[in-house]
Amino acid sequence: MGGSSTIPSHTRISTTTSDLEHAAYAPLPGHSSPASPRRPLKGFAGIIASVIFLLALVALILDQSEEPLDKPGKDEAPTLTSNATSFSNISGPEPRGVAQGVSAKSNPSFSGHELSYNWTNAMFSWQRTAFHFQPEKNWMNDPDGPLYHKGWYHLFYQYNPDSAVWGNITWGHAVSTDLIHWLYLPIAMVPDSWFDWNGVWTGSATILPDGQIVVLYTGDTDNYVQVQNLAYPANLSDPLLLDWVKYSGNPVLVPPTGIAPKDFRDPTTAWLGPDGKWRLTIGSKVNTTGISLVYTTTNFTDYELLDTVLHAVPGTGMWECVDFYPVSINGTKGLDTSAGGPGVKHVLKASLDNTKLDYYALGTYFAENDTWVPDDPEQDVGIGLRYDYGRYYASKTFYDPVKERRILWGWINETDTENDDLAKGWASVQTIPRTVLYDNNTGTNILQWPVEELESLRLNSTDFDGVVVKPGSVVELDIASATQLDILVEFEIESLGLEETNEVNGLCGSGATDRSSFGPFGLLVIADETLSELTPIYFRLANSSDGSLETYFCADERRSSKASDVFKQVYGSSVPVLDGETLSMRILVDHSIVESFAQGGRRVITSRLYPTEAIYGAARLFLFNNATGVNVKATLKIWQLNYAFIHPFPLDQMH
């Protein structure tokens, strides 16, 4: 589309079939006339029955006395039982997006139009990242439809071109040759039709065997009903895919009987089944059970809703941004979305609307009946592993055919207030793209790792070999600058043979100040010289019930900023450490964003920070050991990282 984002002030079109037939868009190539929108009513009784069966099955397998997924109270110490990651669960003004039927997209101010802190322009300028993707200005959320086409990686994203808050959602568009340096392109699609009048929401791209590109996206209609729409490039020979066409028969899918009009969104990339039909899945819920509906199609305009769901998990609520893809259990390469057969497992991921967290599970996909079963029911979607244990949501993967890898994008949202975002003029960042592989050493998780192209930004490096950090001490690392770093660190621990202190409950404890025999120890990033502001990224070891040591990987944001109204908590998870392995981290520091990877990417924590003192030349990096019973020896290699080139595409110079 690439046009103005202003919606014309005309009478809104009613949602009737006759209106669809007169939409001013060209039909999909190869279709002489647009099909009427098929309203898939068939099969929902079967879906309800399958969900009831799954509920009964899970009741037999799992302990039903689950803890509520609530944020801890104001005076409670945040621990890993704290699942809420935003202000969305705090009483007060309703966050943006909730009334429209999507997850909370703001942290409303509780003090009128005042800022959460006496921010300066210098503080706001420092917060902008050097090598993470973000628009020049205004609001961004979910990554959309990532793909590779004719030499360019394409990233689309939920974007408000008019303000730094959520609303008027379009598809922003950028391209890159290496996933690091990006060029902004004109907006790809804007909300200009009744079927996406209130927003061109999240969607996915599917590349067909003949090279055609089809995009399915959720539109929020003029009556606030979530429908699925089809779009495709106007000119497939254009490497930049500047212009997009919305199918004249949109919407191609509407909420089936039994699904609420605001509980039907975010279609996945499609995969090809053994019967020659394409499949895709869409997140929804039945009561409080999160489900993924499955549709089949041969032409992407006509669909059949299957009687069974791909999967359902009781108590997880609405599933957003579902993703479903294969991983090789023995290989080092990614797989096309349609791959299957022996040696393949499937990852099912859902973004939980209730908690704003991205959960995934490994399992087996049964193509004969289009169902998926987790390897471990106790680690099912929504109750087991997360992609990222920090500030992270609405992720999406795609297959890179050039380097044969699966690449994961994720949205880092804000934890300051809406007024702060309006003052600084922008909100949100995308993570560094990560490769995804199956961890064939543990067999229980995936591995996430920054794409190798990030290493092209490495400048000079500094090595530290065998730095001993004694209990209760902090050691400053003498590096030139501490705001754009790629850090590799390994730790060895030496027991002092002292009597063990009381072990900390709650996995990461109440933060890095909570001492025990074997931790915490790690790095203090974005810290000032006096340690008035700091963010510890650390390991904590604790004795398990069988006498072995369990390892936890954590990030403590509580002292990351002097701004009191910024949301700060302790994030973390247990992490598998196999016999003979060294404790290791990789940490990417990019101004206000820190992405931390433990044990080769078995666990990841993303931090969004708002320091007031530890900025520019005042930022420092330290090792710390707050354990009471061990010395820690650290070996590090630290690179300074350059800026990525992220600018508008020079379209005026094209001929």
# chains A, B, ... in the order shown; residues from 1 in each chain; ligands from 1

$ residues_around --residues "A:Asp275" --least-positions-apart "6" --cutoff "12 Å" --atoms "only C-alpha atoms" --output "MDAnalysis selection string"
chainID A and resid 296:298 367:370

$ residues_around --residues "A:Pro326" --least-positions-apart "6" --cutoff "10 Å" --atoms "only C-alpha atoms" --output "list in words"
Gly334, Leu335, Asp336, Thr337, Ser338, Ala339, Gly340, Gly341, Gly343, Val344, Lys345, His346, Val347, Leu348, Leu362, Gly363, Thr364, Tyr365, Arg406, Leu437 and Tyr438 of chain A

$ closest_residue --among "A:Val604, A:Ala618, A:Ile407, A:Ala644" --to "A:Gly390" --atoms "only C-alpha atoms"
A:Val604

$ residues_around --residues "A:Val594" --least-positions-apart "4" --cutoff "10 Å" --atoms "only C-alpha atoms" --output "NGL selection string"
:A and (390-391 or 431 or 483-485 or 525-526 or 535 or 537 or 555 or 587-590 or 605-609)

$ select_by_dssp --residues "stretch 416-585 of chain A" --states "strand (DSSP E)" --output "PyMOL selection string"
chain A and resi 426-427+429-430+434-438+446-450+458-469+473-476+484-495+518-527+535-543+549-556+570-574+583-585

$ atom_distance --atom1 "atom CA of A:Ala99" --atom2 "atom CA of A:Pro261"
12.3 Å

$ closest_residue --among "A:Gln599, A:Ser461, A:Thr177, A:Asn626" --to "A:Gln448" --atoms "only C-alpha atoms"
A:Gln599

$ select_by_dssp --residues "stretch 393-444 of chain A" --states "helix (DSSP H, G or I)" --output "JSON, numbers by chain"
{"A": [418, 419, 420, 421, 422, 423, 424]}

$ write_last_selection --atoms "all heavy atoms" --output "PDB file, in the first residue's frame"
ATOM      1  N   GLU A 418       3.400   5.605  29.950  1.00  0.00           N
ATOM      2  CA  GLU A 418       2.988   6.142  28.660  1.00  0.00           C
ATOM      3  C   GLU A 418       3.443   7.593  28.496  1.00  0.00           C
ATOM      4  O   GLU A 418       3.869   8.000  27.411  1.00  0.00           O
ATOM      5  CB  GLU A 418       1.464   6.042  28.578  1.00  0.00           C
ATOM      6  CG  GLU A 418       0.914   6.006  27.188  1.00  0.00           C
ATOM      7  CD  GLU A 418      -0.576   5.730  27.200  1.00  0.00           C
ATOM      8  OE1 GLU A 418      -1.338   6.620  27.636  1.00  0.00           O
ATOM      9  OE2 GLU A 418      -0.979   4.635  26.794  1.00  0.00           O
ATOM     10  N   ASN A 419       3.352   8.375  29.567  1.00  0.00           N
ATOM     11  CA  ASN A 419       3.797   9.773  29.492  1.00  0.00           C
ATOM     12  C   ASN A 419       5.283   9.870  29.189  1.00  0.00           C
ATOM     13  O   ASN A 419       5.726  10.761  28.455  1.00  0.00           O
ATOM     14  CB  ASN A 419       3.487  10.497  30.805  1.00  0.00           C
ATOM     15  CG  ASN A 419       1.997  10.715  31.010  1.00  0.00           C
ATOM     16  OD1 ASN A 419       1.223  10.687  30.059  1.00  0.00           O
ATOM     17  ND2 ASN A 419       1.597  10.924  32.250  1.00  0.00           N
ATOM     18  N   ASP A 420       6.060   8.963  29.759  1.00  0.00           N
ATOM     19  CA  ASP A 420       7.495   8.939  29.453  1.00  0.00           C
ATOM     20  C   ASP A 420       7.725   8.664  27.973  1.00  0.00           C
ATOM     21  O   ASP A 420       8.571   9.302  27.328  1.00  0.00           O
ATOM     22  CB  ASP A 420       8.200   7.864  30.282  1.00  0.00           C
ATOM     23  CG  ASP A 420       8.171   8.142  31.768  1.00  0.00           C
ATOM     24  OD1 ASP A 420       7.885   9.286  32.159  1.00  0.00           O
ATOM     25  OD2 ASP A 420       8.431   7.199  32.547  1.00  0.00           O
ATOM     26  N   ASP A 421       6.992   7.696  27.432  1.00  0.00           N
ATOM     27  CA  ASP A 421       7.162   7.336  26.015  1.00  0.00           C
ATOM     28  C   ASP A 421       6.784   8.502  25.107  1.00  0.00           C
ATOM     29  O   ASP A 421       7.458   8.767  24.099  1.00  0.00           O
ATOM     30  CB  ASP A 421       6.318   6.110  25.681  1.00  0.00           C
ATOM     31  CG  ASP A 421       6.745   4.882  26.455  1.00  0.00           C
ATOM     32  OD1 ASP A 421       7.903   4.851  26.925  1.00  0.00           O
ATOM     33  OD2 ASP A 421       5.935   3.953  26.599  1.00  0.00           O
ATOM     34  N   LEU A 422       5.701   9.186  25.457  1.00  0.00           N
ATOM     35  CA  LEU A 422       5.301  10.349  24.661  1.00  0.00           C
ATOM     36  C   LEU A 422       6.369  11.433  24.718  1.00  0.00           C
ATOM     37  O   LEU A 422       6.648  12.106  23.716  1.00  0.00           O
ATOM     38  CB  LEU A 422       3.965  10.886  25.170  1.00  0.00           C
ATOM     39  CG  LEU A 422       2.740  10.028  24.841  1.00  0.00           C
ATOM     40  CD1 LEU A 422       1.540  10.488  25.655  1.00  0.00           C
ATOM     41  CD2 LEU A 422       2.436  10.085  23.348  1.00  0.00           C
ATOM     42  N   ALA A 423       6.990  11.596  25.876  1.00  0.00           N
ATOM     43  CA  ALA A 423       8.029  12.626  26.014  1.00  0.00           C
ATOM     44  C   ALA A 423       9.267  12.277  25.202  1.00  0.00           C
ATOM     45  O   ALA A 423       9.883  13.159  24.587  1.00  0.00           O
ATOM     46  CB  ALA A 423       8.388  12.805  27.487  1.00  0.00           C
ATOM     47  N   LYS A 424       9.649  11.005  25.189  1.00  0.00           N
ATOM     48  CA  LYS A 424      10.851  10.633  24.439  1.00  0.00           C
ATOM     49  C   LYS A 424      10.557  10.394  22.965  1.00  0.00           C
ATOM     50  O   LYS A 424      11.474  10.359  22.141  1.00  0.00           O
ATOM     51  CB  LYS A 424      11.551   9.426  25.073  1.00  0.00           C
ATOM     52  CG  LYS A 424      10.899   8.088  24.940  1.00  0.00           C
ATOM     53  CD  LYS A 424      11.807   7.015  25.585  1.00  0.00           C
ATOM     54  CE  LYS A 424      11.274   5.606  25.386  1.00  0.00           C
ATOM     55  NZ  LYS A 424      10.270   5.236  26.386  1.00  0.00           N
TER      56      LYS A 424
END

$ closest_residue --among "A:Pro433, A:Gly203, A:Gly511, A:Gly519" --to "A:Tyr153" --atoms "only C-alpha atoms"
A:Pro433

$ closest_residue --among "A:Ser481, A:Ala527, A:Glu581, A:Val468" --to "A:Ala634" --atoms "only C-alpha atoms"
A:Val468

$ residues_around --residues "A:Leu523" --least-positions-apart "5" --cutoff "10 Å" --atoms "only C-alpha atoms" --output "tab-separated table (two decimals) with N, CA and C atoms, in the first residue's frame"
chain	number	residue	atom	x	y	z
A	474	VAL	N	33.29	-7.08	44.89
A	474	VAL	CA	32.98	-6.58	43.55
A	474	VAL	C	34.29	-6.18	42.89
A	475	VAL	N	34.47	-6.55	41.63
A	475	VAL	CA	35.71	-6.24	40.90
A	475	VAL	C	35.34	-5.49	39.62
A	476	GLU	N	35.85	-4.26	39.48
A	476	GLU	CA	35.57	-3.50	38.25
A	476	GLU	C	36.44	-4.03	37.12
A	477	LEU	N	35.83	-4.15	35.93
A	477	LEU	CA	36.55	-4.58	34.73
A	477	LEU	C	36.92	-3.34	33.92
A	487	ILE	N	29.67	-9.78	25.54
A	487	ILE	CA	30.46	-10.35	26.64
A	487	ILE	C	30.32	-11.87	26.64
A	489	VAL	N	31.54	-15.01	29.08
A	489	VAL	CA	32.15	-15.24	30.39
A	489	VAL	C	31.90	-16.67	30.84
A	534	LEU	N	22.58	-0.31	39.09
A	534	LEU	CA	23.25	-1.51	38.57
A	534	LEU	C	22.20	-2.55	38.22
A	535	THR	N	22.57	-3.46	37.32
A	535	THR	CA	21.70	-4.58	36.98
A	535	THR	C	22.53	-5.86	37.03
A	536	PRO	N	22.37	-6.66	38.08
A	536	PRO	CA	23.10	-7.93	38.16
A	536	PRO	C	22.50	-8.99	37.23
A	537	ILE	N	23.37	-9.63	36.47
A	537	ILE	CA	23.02	-10.83	35.69
A	537	ILE	C	23.82	-11.96	36.33
A	538	TYR	N	23.15	-12.99	36.85
A	538	TYR	CA	23.89	-13.87	37.75
A	538	TYR	C	23.39	-15.31	37.74
A	539	PHE	N	24.26	-16.17	38.26
A	539	PHE	CA	23.92	-17.55	38.59
A	539	PHE	C	23.73	-17.67	40.09
A	555	ALA	N	18.23	-12.23	36.50
A	555	ALA	CA	18.52	-10.82	36.27
A	555	ALA	C	17.72	-10.00	37.27
A	585	MET	N	27.91	-17.61	30.28
A	585	MET	CA	26.93	-16.60	29.85
A	585	MET	C	27.45	-15.89	28.61
A	587	ILE	N	26.34	-12.04	27.15
A	587	ILE	CA	25.51	-10.89	27.45
A	587	ILE	C	25.73	-9.82	26.38
A	621	LEU	N	31.24	-1.71	34.17
A	621	LEU	CA	30.99	-3.15	34.19
A	621	LEU	C	31.79	-3.77	35.33
A	622	PHE	N	31.14	-4.61	36.15
A	622	PHE	CA	31.78	-5.23	37.30
A	622	PHE	C	31.50	-6.73	37.33
A	623	LEU	N	32.42	-7.48	37.90
A	623	LEU	CA	32.16	-8.83	38.39
A	623	LEU	C	31.73	-8.72	39.84
A	624	PHE	N	30.85	-9.63	40.28
A	624	PHE	CA	30.50	-9.64	41.70
A	624	PHE	C	30.30	-11.06	42.17
A	625	ASN	N	30.52	-11.25	43.46
A	625	ASN	CA	30.28	-12.55	44.10
A	625	ASN	C	29.63	-12.28	45.45
A	634	ALA	N	36.56	-16.07	37.17
A	634	ALA	CA	35.90	-15.70	35.92
A	634	ALA	C	36.92	-15.49	34.81

$ closest_residue --among "A:Ser456, A:Ser510, A:Ser564, A:Ser351" --to "A:Gly410" --atoms "only C-alpha atoms"
A:Ser351

$ closest_residue --among "A:Phe645, A:Leu253, A:Phe398, A:Leu242" --to "A:Leu457" --atoms "only C-alpha atoms"
A:Phe645

$ atom_distance --atom1 "atom CA of A:Glu492" --atom2 "atom CA of A:Leu636"
11.8 Å

$ decode --residues "stretch 336-351 of chain A" --atoms "all heavy atoms" --output "PDB file, in the first residue's frame"
ATOM      1  N   ASP A 336      12.529 -25.920   7.038  1.00  0.00           N
ATOM      2  CA  ASP A 336      11.372 -25.256   6.456  1.00  0.00           C
ATOM      3  C   ASP A 336      10.129 -25.616   7.259  1.00  0.00           C
ATOM      4  O   ASP A 336      10.026 -26.713   7.829  1.00  0.00           O
ATOM      5  CB  ASP A 336      11.207 -25.695   5.002  1.00  0.00           C
ATOM      6  CG  ASP A 336       9.985 -25.088   4.357  1.00  0.00           C
ATOM      7  OD1 ASP A 336      10.055 -23.927   3.938  1.00  0.00           O
ATOM      8  OD2 ASP A 336       8.936 -25.771   4.298  1.00  0.00           O
ATOM      9  N   THR A 337       9.162 -24.731   7.302  1.00  0.00           N
ATOM     10  CA  THR A 337       7.985 -24.922   8.144  1.00  0.00           C
ATOM     11  C   THR A 337       7.215 -26.177   7.787  1.00  0.00           C
ATOM     12  O   THR A 337       6.535 -26.763   8.647  1.00  0.00           O
ATOM     13  CB  THR A 337       7.074 -23.687   8.042  1.00  0.00           C
ATOM     14  OG1 THR A 337       7.860 -22.518   8.318  1.00  0.00           O
ATOM     15  CG2 THR A 337       5.936 -23.752   9.037  1.00  0.00           C
ATOM     16  N   SER A 338       7.300 -26.646   6.554  1.00  0.00           N
ATOM     17  CA  SER A 338       6.564 -27.839   6.137  1.00  0.00           C
ATOM     18  C   SER A 338       7.337 -29.137   6.349  1.00  0.00           C
ATOM     19  O   SER A 338       6.827 -30.217   6.040  1.00  0.00           O
ATOM     20  CB  SER A 338       6.161 -27.721   4.662  1.00  0.00           C
ATOM     21  OG  SER A 338       5.282 -26.637   4.460  1.00  0.00           O
ATOM     22  N   ALA A 339       8.544 -29.065   6.875  1.00  0.00           N
ATOM     23  CA  ALA A 339       9.342 -30.272   7.070  1.00  0.00           C
ATOM     24  C   ALA A 339       8.723 -31.162   8.143  1.00  0.00           C
ATOM     25  O   ALA A 339       8.085 -30.692   9.079  1.00  0.00           O
ATOM     26  CB  ALA A 339      10.772 -29.905   7.454  1.00  0.00           C
ATOM     27  N   GLY A 340       8.938 -32.479   8.001  1.00  0.00           N
ATOM     28  CA  GLY A 340       8.420 -33.426   8.987  1.00  0.00           C
ATOM     29  C   GLY A 340       9.112 -34.756   8.843  1.00  0.00           C
ATOM     30  O   GLY A 340      10.142 -34.869   8.183  1.00  0.00           O
ATOM     31  N   GLY A 341       8.548 -35.775   9.476  1.00  0.00           N
ATOM     32  CA  GLY A 341       9.094 -37.117   9.370  1.00  0.00           C
ATOM     33  C   GLY A 341      10.021 -37.480  10.506  1.00  0.00           C
ATOM     34  O   GLY A 341      10.110 -36.776  11.516  1.00  0.00           O
ATOM     35  N   PRO A 342      10.750 -38.603  10.356  1.00  0.00           N
ATOM     36  CA  PRO A 342      11.664 -39.052  11.422  1.00  0.00           C
ATOM     37  C   PRO A 342      12.745 -38.012  11.704  1.00  0.00           C
ATOM     38  O   PRO A 342      13.170 -37.274  10.817  1.00  0.00           O
ATOM     39  CB  PRO A 342      12.281 -40.335  10.829  1.00  0.00           C
ATOM     40  CG  PRO A 342      11.332 -40.765   9.759  1.00  0.00           C
ATOM     41  CD  PRO A 342      10.728 -39.516   9.200  1.00  0.00           C
ATOM     42  N   GLY A 343      13.188 -37.952  12.952  1.00  0.00           N
ATOM     43  CA  GLY A 343      14.247 -37.025  13.327  1.00  0.00           C
ATOM     44  C   GLY A 343      13.780 -35.596  13.484  1.00  0.00           C
ATOM     45  O   GLY A 343      14.603 -34.681  13.541  1.00  0.00           O
ATOM     46  N   VAL A 344      12.462 -35.389  13.551  1.00  0.00           N
ATOM     47  CA  VAL A 344      11.921 -34.034  13.651  1.00  0.00           C
ATOM     48  C   VAL A 344      10.978 -33.945  14.843  1.00  0.00           C
ATOM     49  O   VAL A 344      10.141 -34.824  15.054  1.00  0.00           O
ATOM     50  CB  VAL A 344      11.169 -33.635  12.362  1.00  0.00           C
ATOM     51  CG1 VAL A 344      10.421 -32.318  12.544  1.00  0.00           C
ATOM     52  CG2 VAL A 344      12.131 -33.538  11.195  1.00  0.00           C
ATOM     53  N   LYS A 345      11.140 -32.910  15.629  1.00  0.00           N
ATOM     54  CA  LYS A 345      10.145 -32.544  16.631  1.00  0.00           C
ATOM     55  C   LYS A 345       9.529 -31.212  16.230  1.00  0.00           C
ATOM     56  O   LYS A 345      10.069 -30.496  15.379  1.00  0.00           O
ATOM     57  CB  LYS A 345      10.772 -32.443  18.019  1.00  0.00           C
ATOM     58  CG  LYS A 345      11.132 -33.791  18.645  1.00  0.00           C
ATOM     59  CD  LYS A 345      11.583 -33.621  20.082  1.00  0.00           C
ATOM     60  CE  LYS A 345      11.938 -34.969  20.694  1.00  0.00           C
ATOM     61  NZ  LYS A 345      10.751 -35.844  20.827  1.00  0.00           N
ATOM     62  N   HIS A 346       8.412 -30.876  16.842  1.00  0.00           N
ATOM     63  CA  HIS A 346       7.766 -29.601  16.557  1.00  0.00           C
ATOM     64  C   HIS A 346       7.691 -28.744  17.826  1.00  0.00           C
ATOM     65  O   HIS A 346       7.381 -29.253  18.902  1.00  0.00           O
ATOM     66  CB  HIS A 346       6.367 -29.813  15.995  1.00  0.00           C
ATOM     67  CG  HIS A 346       6.350 -30.027  14.511  1.00  0.00           C
ATOM     68  ND1 HIS A 346       6.741 -31.212  13.927  1.00  0.00           N
ATOM     69  CD2 HIS A 346       6.011 -29.188  13.488  1.00  0.00           C
ATOM     70  CE1 HIS A 346       6.637 -31.111  12.611  1.00  0.00           C
ATOM     71  NE2 HIS A 346       6.190 -29.896  12.317  1.00  0.00           N
ATOM     72  N   VAL A 347       7.978 -27.468  17.639  1.00  0.00           N
ATOM     73  CA  VAL A 347       7.827 -26.482  18.702  1.00  0.00           C
ATOM     74  C   VAL A 347       6.457 -25.835  18.555  1.00  0.00           C
ATOM     75  O   VAL A 347       6.093 -25.369  17.461  1.00  0.00           O
ATOM     76  CB  VAL A 347       8.920 -25.398  18.612  1.00  0.00           C
ATOM     77  CG1 VAL A 347       8.653 -24.281  19.619  1.00  0.00           C
ATOM     78  CG2 VAL A 347      10.297 -26.007  18.841  1.00  0.00           C
ATOM     79  N   LEU A 348       5.690 -25.817  19.637  1.00  0.00           N
ATOM     80  CA  LEU A 348       4.452 -25.060  19.690  1.00  0.00           C
ATOM     81  C   LEU A 348       4.639 -23.952  20.711  1.00  0.00           C
ATOM     82  O   LEU A 348       5.009 -24.216  21.857  1.00  0.00           O
ATOM     83  CB  LEU A 348       3.273 -25.946  20.082  1.00  0.00           C
ATOM     84  CG  LEU A 348       1.915 -25.236  20.230  1.00  0.00           C
ATOM     85  CD1 LEU A 348       1.492 -24.570  18.921  1.00  0.00           C
ATOM     86  CD2 LEU A 348       0.840 -26.212  20.706  1.00  0.00           C
ATOM     87  N   LYS A 349       4.389 -22.740  20.283  1.00  0.00           N
ATOM     88  CA  LYS A 349       4.577 -21.569  21.148  1.00  0.00           C
ATOM     89  C   LYS A 349       3.313 -20.729  21.160  1.00  0.00           C
ATOM     90  O   LYS A 349       2.634 -20.590  20.127  1.00  0.00           O
ATOM     91  CB  LYS A 349       5.773 -20.750  20.658  1.00  0.00           C
ATOM     92  CG  LYS A 349       5.881 -19.359  21.274  1.00  0.00           C
ATOM     93  CD  LYS A 349       5.331 -18.322  20.312  1.00  0.00           C
ATOM     94  CE  LYS A 349       5.166 -16.965  20.967  1.00  0.00           C
ATOM     95  NZ  LYS A 349       4.618 -15.976  20.008  1.00  0.00           N
ATOM     96  N   ALA A 350       2.997 -20.172  22.316  1.00  0.00           N
ATOM     97  CA  ALA A 350       1.873 -19.249  22.438  1.00  0.00           C
ATOM     98  C   ALA A 350       2.266 -18.085  23.329  1.00  0.00           C
ATOM     99  O   ALA A 350       2.993 -18.256  24.313  1.00  0.00           O
ATOM    100  CB  ALA A 350       0.644 -19.953  23.006  1.00  0.00           C
ATOM    101  N   SER A 351       1.789 -16.904  22.968  1.00  0.00           N
ATOM    102  CA  SER A 351       1.919 -15.725  23.823  1.00  0.00           C
ATOM    103  C   SER A 351       0.646 -15.641  24.656  1.00  0.00           C
ATOM    104  O   SER A 351      -0.449 -15.535  24.098  1.00  0.00           O
ATOM    105  CB  SER A 351       2.085 -14.464  22.977  1.00  0.00           C
ATOM    106  OG  SER A 351       3.228 -14.557  22.150  1.00  0.00           O
TER     107      SER A 351
END
